[in-house]
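Read through the structure below, which is laid out as structure tokens, and then see the notes.
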Amino acid sequence: MKKILFLLLIAVGMMGCAKEQVSADLNAQFLELRTPEVALELTNALIDQVTQMIAEGIIAQGPGNSILSKLESIKKKLEDGKTNVALSKLDELIAHLEGLAFGGAIDPDAAAQLIAQVGSIQCELNPVDEDGDGSPCNVDCDDHNPDVYPGHEEICDNGIDDDCDGQVDENDPDCTPCVGDWEAPTVLCVQSLLKQMEPEGIPLLPSAFLAYYWDNCSAIEDLVVSFDPDGLQTSKTFTCDDLLPPNNQVLINIWVTDQAGNKDYCQTLLLVHDPDGICEAP
Ligand SMILES: [Ca+2]
Ligand SMILES: [Ca+2]
Ligand SMILES: [Ca+2]
Ligand SMILES: [Ca+2]
């Protein structure tokens, strides 16, 4: 069942998008595709597939032709816009396929594959959200698992295509480590930060001075933000000794280091307001 949905996903993915677009816009694309026209396309594809299975001898002529005639009648109903009739005929087809498999007329694996595809056509006409994760069955590559849907984070070691982009774990670009990162992070400081002097000094994190920072490979939470180039001074309490007269300013460099050790910095000012005269000489 999963394999079929995976294949279906690839097939639909190939209709209108390059591979790299698939993960980001998948949900939106599928929702756009959620129409009887898609059901019709899938029906046509299934007709082709059954025809081929007959040609290859996977399904014998007799049962194969009975499946084809049912598919043709479903196709006709879809073309006529008779969605509800098509839906009930799809139910009949599933029962028919189950009967064929049960009676040994067709291979159970082939039947399971066809049943899953018929289920996909039904889902296009009636897109329920079985697992309640917000992604209807024609979008959700596992509609019986609320932790799997397009847009979910790909967990890189669970053997599951968590984000429904057709790629599992290390084969998913989301899990591919960035190799050969020679690029320093982008670092932008605020122009200045205004703080009031406290008796114990002003404790600050370097990130308080950043307007924006980003790296091509390392995630934001993996970047080291520091007051020094070595990435060691990750917090600092500014005291009167740090202030430069006459305006009580401190010139500050904020460094950002990525996981590959590339770093860059920006410069900013800490402006200290001292209304209580804490820094005035005794
Ligand atoms: Ca769902
Ligand atoms: Ca799901
Ligand atoms: Ca995974
Ligand atoms: Ca994936």
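If you're wondering about the labels, chains in the structure tokens are A, B, ... by order shown, residues count from 1 in each chain, ligands from 1 in order shown.
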
Checklist entry - Which polymer residues have any atom within 10 Å of an atom of region 72-78 of chain A, counting only C-alpha atoms, with same-chain residues fewer than 5 positions away left out, as a PyMOL selection string? => result chain A and resi 36-37+39-44+47+66-67+83-90+93+125

Closest atom pairs, chain A residues within 12 Å of ligand 3, only C-alpha atoms and all ligand atoms, as CSV:
residue,atom,partner,partner_atom_place_in_ligand_line,distance
A:Asp147,CA,ligand 3,1 (Ca),10.6
A:Val148,CA,ligand 3,1 (Ca),9.2
A:Tyr149,CA,ligand 3,1 (Ca),11.3
A:His152,CA,ligand 3,1 (Ca),9.9
A:Glu153,CA,ligand 3,1 (Ca),8.3
A:Glu154,CA,ligand 3,1 (Ca),4.9
A:Ile155,CA,ligand 3,1 (Ca),4.1
A:Cys156,CA,ligand 3,1 (Ca),4.6
A:Asp157,CA,ligand 3,1 (Ca),5.7
A:Asn158,CA,ligand 3,1 (Ca),4.9
A:Gly159,CA,ligand 3,1 (Ca),5.2
A:Ile160,CA,ligand 3,1 (Ca),4.1
A:Asp161,CA,ligand 3,1 (Ca),4.7
A:Asp162,CA,ligand 3,1 (Ca),5.0
A:Asp163,CA,ligand 3,1 (Ca),7.8
A:Cys164,CA,ligand 3,1 (Ca),9.4
A:Asp165,CA,ligand 3,1 (Ca),10.4
A:Gly166,CA,ligand 3,1 (Ca),10.3
A:Gln167,CA,ligand 3,1 (Ca),8.1
A:Val168,CA,ligand 3,1 (Ca),5.2
A:Asp169,CA,ligand 3,1 (Ca),4.2
A:Glu170,CA,ligand 3,1 (Ca),7.9
A:Asn171,CA,ligand 3,1 (Ca),9.2
A:Asp172,CA,ligand 3,1 (Ca),8.0
A:Pro173,CA,ligand 3,1 (Ca),11.1
A:Asp174,CA,ligand 3,1 (Ca),9.7
A:Cys175,CA,ligand 3,1 (Ca),8.6
A:Thr176,CA,ligand 3,1 (Ca),11.9

**Request:** Residues within 6 Å of ligand 2 should be enumerated using only C-alpha atoms and all ligand atoms and returned as a list in words.
**Result:** Asp131, Asp133, Asp140, Asp142, Asp143, His144, Asn145, Pro146, Asp147, Val148 and Tyr149 of chain A

Between A:Val250, A:Cys141, A:Leu194, A:Ile202, smallest distance to ligand 4 by only C-alpha atoms and all ligand atoms belongs to A:Cys141

> Any idea what's packed within 12 Å of Ala184 (chain A), counting only C-alpha atoms, ignoring anything in its chain fewer than 2 positions away? Could you give it as a list of chain:residue names?
Replying inline: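 Final neighbour list, sorted by chain and number: A:Gly180, A:Asp181, A:Trp182, A:Thr186, A:Val187, A:Tyr213, A:Trp214, A:Asp215, A:Asn216, A:Cys217, A:Ser218, A:Leu223, A:Trp255, A:Val256, A:Thr257, A:Asp258, A:Gln259, A:Ala260, A:Gly261, A:Asn262, A:Lys263, A:Asp264, A:Tyr265.
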
Kindly save the residues from that selection, with N, CA and C atoms included, as a PDB file, in the first residue's frame.
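The new file out.pdb reads:
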ATOM      1  N   GLY A 180      31.724  20.169   2.191  1.00  0.00           N
ATOM      2  CA  GLY A 180      32.564  21.235   1.657  1.00  0.00           C
ATOM      3  C   GLY A 180      31.975  22.611   1.845  1.00  0.00           C
ATOM      4  N   ASP A 181      31.652  22.930   3.086  1.00  0.00           N
ATOM      5  CA  ASP A 181      31.143  24.279   3.359  1.00  0.00           C
ATOM      6  C   ASP A 181      32.332  25.220   3.554  1.00  0.00           C
ATOM      7  N   TRP A 182      32.560  26.060   2.566  1.00  0.00           N
ATOM      8  CA  TRP A 182      33.657  27.034   2.678  1.00  0.00           C
ATOM      9  C   TRP A 182      33.098  28.430   2.883  1.00  0.00           C
ATOM     10  N   THR A 186      26.395  34.598   7.124  1.00  0.00           N
ATOM     11  CA  THR A 186      26.024  35.997   6.893  1.00  0.00           C
ATOM     12  C   THR A 186      25.663  36.600   8.251  1.00  0.00           C
ATOM     13  N   VAL A 187      26.257  37.738   8.564  1.00  0.00           N
ATOM     14  CA  VAL A 187      26.051  38.327   9.895  1.00  0.00           C
ATOM     15  C   VAL A 187      25.697  39.800   9.757  1.00  0.00           C
ATOM     16  N   TYR A 213      21.222  36.614  11.074  1.00  0.00           N
ATOM     17  CA  TYR A 213      22.361  35.765  10.754  1.00  0.00           C
ATOM     18  C   TYR A 213      21.861  34.453  10.167  1.00  0.00           C
ATOM     19  N   TRP A 214      22.703  33.912   9.318  1.00  0.00           N
ATOM     20  CA  TRP A 214      22.280  32.750   8.541  1.00  0.00           C
ATOM     21  C   TRP A 214      23.502  32.051   7.989  1.00  0.00           C
ATOM     22  N   ASP A 215      23.387  30.741   7.793  1.00  0.00           N
ATOM     23  CA  ASP A 215      24.477  30.016   7.152  1.00  0.00           C
ATOM     24  C   ASP A 215      23.917  29.061   6.111  1.00  0.00           C
ATOM     25  N   ASN A 216      24.691  28.844   5.049  1.00  0.00           N
ATOM     26  CA  ASN A 216      24.224  27.984   3.962  1.00  0.00           C
ATOM     27  C   ASN A 216      24.128  26.524   4.382  1.00  0.00           C
ATOM     28  N   CYS A 217      24.906  26.125   5.399  1.00  0.00           N
ATOM     29  CA  CYS A 217      24.916  24.701   5.787  1.00  0.00           C
ATOM     30  C   CYS A 217      24.434  24.450   7.211  1.00  0.00           C
ATOM     31  N   SER A 218      24.924  25.237   8.140  1.00  0.00           N
ATOM     32  CA  SER A 218      24.574  24.985   9.536  1.00  0.00           C
ATOM     33  C   SER A 218      23.223  25.616   9.867  1.00  0.00           C
ATOM     34  N   LEU A 223      24.853  27.438  14.992  1.00  0.00           N
ATOM     35  CA  LEU A 223      25.858  28.492  14.831  1.00  0.00           C
ATOM     36  C   LEU A 223      26.285  29.002  16.211  1.00  0.00           C
ATOM     37  N   TRP A 255      30.732  37.864  16.559  1.00  0.00           N
ATOM     38  CA  TRP A 255      31.213  36.816  15.660  1.00  0.00           C
ATOM     39  C   TRP A 255      30.202  35.684  15.554  1.00  0.00           C
ATOM     40  N   VAL A 256      30.065  35.157  14.347  1.00  0.00           N
ATOM     41  CA  VAL A 256      29.231  33.976  14.153  1.00  0.00           C
ATOM     42  C   VAL A 256      30.082  32.920  13.447  1.00  0.00           C
ATOM     43  N   THR A 257      30.142  31.730  14.056  1.00  0.00           N
ATOM     44  CA  THR A 257      30.976  30.639  13.525  1.00  0.00           C
ATOM     45  C   THR A 257      30.081  29.461  13.156  1.00  0.00           C
ATOM     46  N   ASP A 258      30.277  28.917  11.957  1.00  0.00           N
ATOM     47  CA  ASP A 258      29.447  27.772  11.558  1.00  0.00           C
ATOM     48  C   ASP A 258      30.119  26.460  11.967  1.00  0.00           C
ATOM     49  N   GLN A 259      29.459  25.349  11.677  1.00  0.00           N
ATOM     50  CA  GLN A 259      29.965  24.049  12.130  1.00  0.00           C
ATOM     51  C   GLN A 259      31.258  23.650  11.441  1.00  0.00           C
ATOM     52  N   ALA A 260      31.518  24.247  10.261  1.00  0.00           N
ATOM     53  CA  ALA A 260      32.768  23.944   9.551  1.00  0.00           C
ATOM     54  C   ALA A 260      33.884  24.881  10.016  1.00  0.00           C
ATOM     55  N   GLY A 261      33.572  25.783  10.946  1.00  0.00           N
ATOM     56  CA  GLY A 261      34.587  26.687  11.465  1.00  0.00           C
ATOM     57  C   GLY A 261      34.713  27.988  10.680  1.00  0.00           C
ATOM     58  N   ASN A 262      33.908  28.175   9.641  1.00  0.00           N
ATOM     59  CA  ASN A 262      33.914  29.454   8.928  1.00  0.00           C
ATOM     60  C   ASN A 262      33.280  30.507   9.827  1.00  0.00           C
ATOM     61  N   LYS A 263      33.839  31.720   9.777  1.00  0.00           N
ATOM     62  CA  LYS A 263      33.280  32.742  10.660  1.00  0.00           C
ATOM     63  C   LYS A 263      33.284  34.108  10.005  1.00  0.00           C
ATOM     64  N   ASP A 264      32.401  34.938  10.489  1.00  0.00           N
ATOM     65  CA  ASP A 264      32.397  36.330  10.066  1.00  0.00           C
ATOM     66  C   ASP A 264      31.854  37.156  11.236  1.00  0.00           C
ATOM     67  N   TYR A 265      32.013  38.455  11.154  1.00  0.00           N
ATOM     68  CA  TYR A 265      31.558  39.271  12.270  1.00  0.00           C
ATOM     69  C   TYR A 265      30.927  40.558  11.752  1.00  0.00           C
TER      70      TYR A 265
END

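Distance check against ligand 1 using only C-alpha atoms and all ligand atoms: of A:Gln117, A:Ser69, A:Asn138, A:Gln61, the minimum falls on A:Asn138.
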
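Reported to one decimal place, the separation of CA of Pro229 (chain A) from CA of Leu271 (chain A) is 22.0 Å.
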
**Asked** Per DSSP on the backbone, what are the strand (DSSP E or B) residues of region 190-235 of chain A, as a PyMOL selection string?
**Response** chain A and resi 192-196+202-204+210-214+224-226

Mind writing the picked residues with C-alpha atoms as a short mmCIF file (atom, residue, chain, number, x, y, z; two decimals), in the first residue's frame?
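The result, written out as selection_6.cif:
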data_model
loop_
_atom_site.label_atom_id
_atom_site.label_comp_id
_atom_site.auth_asym_id
_atom_site.auth_seq_id
_atom_site.Cartn_x
_atom_site.Cartn_y
_atom_site.Cartn_z
CA SER A 192 23.36 50.07 18.29
CA LEU A 193 21.83 48.78 21.48
CA LEU A 194 20.82 51.17 24.26
CA LYS A 195 20.95 49.84 27.83
CA GLN A 196 20.79 51.32 31.30
CA ILE A 202 24.73 44.78 32.18
CA PRO A 203 24.66 41.07 31.32
CA LEU A 204 24.20 40.52 27.58
CA LEU A 210 22.31 40.64 15.83
CA ALA A 211 19.69 41.79 13.40
CA TYR A 212 20.11 38.75 11.15
CA TYR A 213 22.36 35.76 10.75
CA TRP A 214 22.28 32.75 8.54
CA VAL A 224 28.08 29.83 17.61
CA VAL A 225 27.49 33.50 18.34
CA SER A 226 30.23 35.11 20.43
#

Query raised in the report: Suppose you want the space between CA of Thr239 (chain A) and CA of Leu205 (chain A); what is it in Å?
Result: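 Computing the Euclidean distance for CA of Thr239 (chain A) and CA of Leu205 (chain A) yields 14.2 Å.
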